[in-house]
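Novice: One structure, as structure tokens, below. Some questions next.
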Amino acid sequence: MMKPTWRFILRTIRAIALLARDERIPRPLRAIAGIGLLPIPGPFDEILLLLVAPVFALFFRASMRDAWEQAAPEMPYAAITRA
């Protein structure tokens with residue numbers, strides 16, 4: 001059985017991958033967010049993410065919600081009724 005923390009992390013990674021390919025988001029903004037996700041030493045990547053996060057939250061909320069819903073793992077009906 002997978003722990004809830006790992007499920008959340010995997011779903012977040014899948015949602016980010018979907019957002020990176022979402023054509024509703026301008027390419028330069030996706031590129032900046034992609035650079036911010038790279039493991040660059042120092043505060044550079046964190047600063048980029050802090051600058052891009054409000055833009056995503058204000059203007060691309062529907063895209064983020066769609067990616068989050070699409071990233072949900074498929075669960076068989078029996079598993080849903082037992083949960």
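Residue names in the structure tokens use chain letters A, B, ... in the order shown, residue numbers from 1 in each chain, and ligand numbers from 1 in the order shown.
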Extract, using only C-alpha atoms, all DNA, RNA and protein residues at most 9 Å from Leu48 of chain A, discarding same-chain residues fewer than 5 positions from it, and format them as a PyMOL selection string.

Specialist: chain A and resi 32-33+35-37+43+53

Novice: Please produce a file of those selected residues containing C-alpha atoms, as a short mmCIF file (atom, residue, chain, number, x, y, z; two decimals), in the first residue's frame.

Specialist:
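Saved result, result-v8.cif, follows:
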data_model
loop_
_atom_site.label_atom_id
_atom_site.label_comp_id
_atom_site.auth_asym_id
_atom_site.auth_seq_id
_atom_site.Cartn_x
_atom_site.Cartn_y
_atom_site.Cartn_z
CA ILE A 32 10.55 30.09 -16.78
CA ALA A 33 8.64 27.61 -14.61
CA ILE A 35 13.92 26.47 -15.32
CA GLY A 36 12.63 27.05 -11.79
CA LEU A 37 12.07 23.31 -11.37
CA PRO A 43 18.39 30.60 -4.59
CA ALA A 53 3.62 31.14 -8.81
#

Novice: As a PyMOL selection string, please: all residues of chain A that backbone DSSP puts in alpha helix (DSSP H).

Specialist: chain A and resi 4-20+27-36+44-59+61-70+77-82

Novice: Looking at only C-alpha atoms, which of A:Ile47, A:Phe59, A:Arg11, A:Pro28 is the one that sits closest to Glu74 of chain A?

Specialist: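 Of the candidates, the smallest distance to Glu74 of chain A is held by A:Arg11.
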
Novice: Which value, in Å to one decimal, gives the distance between atom CA of Arg24 of chain A and atom CA of Pro54 of chain A?

Specialist: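 One can read the atom CA of Arg24 of chain A to atom CA of Pro54 of chain A distance as 16.6 Å.
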
Novice: Fewer than 5 positions away in the same chain doesn't count, so skip those; otherwise give me all residues within 12 Å of Ile9 of chain A, counting only C-alpha atoms, as a PyMOL selection string.

Specialist: chain A and resi 2-4+14-16+68+71-73

Novice: Just N, CA and C atoms for this one: save the residues we selected as a compact mmCIF listing (two decimals), in the first residue's frame.

Specialist:
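again.txt was written with the following content:
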# COMPACT_ATOMS: atom_id res chain seq x y z
N MET A 2 0.57 2.19 -0.84
CA MET A 2 1.37 3.41 -0.96
C MET A 2 0.90 4.43 0.08
N LYS A 3 1.84 5.10 0.71
CA LYS A 3 1.51 6.09 1.72
C LYS A 3 0.93 7.33 1.05
N PRO A 4 0.05 8.06 1.77
CA PRO A 4 -0.57 9.26 1.21
C PRO A 4 0.45 10.32 0.77
N ARG A 14 3.04 14.50 -11.77
CA ARG A 14 2.24 14.29 -12.99
C ARG A 14 1.53 15.58 -13.41
N ALA A 15 1.01 16.34 -12.44
CA ALA A 15 0.32 17.59 -12.75
C ALA A 15 1.28 18.62 -13.34
N ILE A 16 2.49 18.69 -12.82
CA ILE A 16 3.49 19.63 -13.34
C ILE A 16 3.85 19.25 -14.78
N TRP A 68 -4.44 19.02 -12.23
CA TRP A 68 -4.52 18.28 -10.96
C TRP A 68 -5.54 17.14 -11.07
N ALA A 71 -4.19 14.33 -13.23
CA ALA A 71 -3.07 13.63 -12.62
C ALA A 71 -3.50 12.63 -11.55
N ALA A 72 -4.79 12.61 -11.23
CA ALA A 72 -5.28 11.68 -10.20
C ALA A 72 -5.09 10.25 -10.68
N PRO A 73 -4.62 9.40 -9.81
CA PRO A 73 -4.44 8.00 -10.21
C PRO A 73 -5.78 7.34 -10.46

Novice: When you look at Arg30 of chain A with a cut-off of 10 Å (counting only C-alpha atoms), what residues show up, excluding the ones that are within fewer than 6 positions of it in the same chain? I need them as a PDB file with C-alpha atoms, in the first residue's frame.

Specialist:
ATOM      1  CA  LEU A  19       1.118  21.903 -17.123  1.00  0.00           C
ATOM      2  CA  ALA A  20       4.461  21.982 -18.927  1.00  0.00           C
ATOM      3  CA  ARG A  21       2.691  20.778 -22.085  1.00  0.00           C
ATOM      4  CA  ASP A  22      -0.490  22.851 -21.690  1.00  0.00           C
ATOM      5  CA  GLU A  23      -0.921  25.072 -24.748  1.00  0.00           C
ATOM      6  CA  GLY A  36      12.629  27.054 -11.792  1.00  0.00           C
ATOM      7  CA  VAL A  52       5.905  32.629 -11.476  1.00  0.00           C
ATOM      8  CA  PHE A  56      -0.168  30.865 -12.364  1.00  0.00           C
TER       9      PHE A  56
END
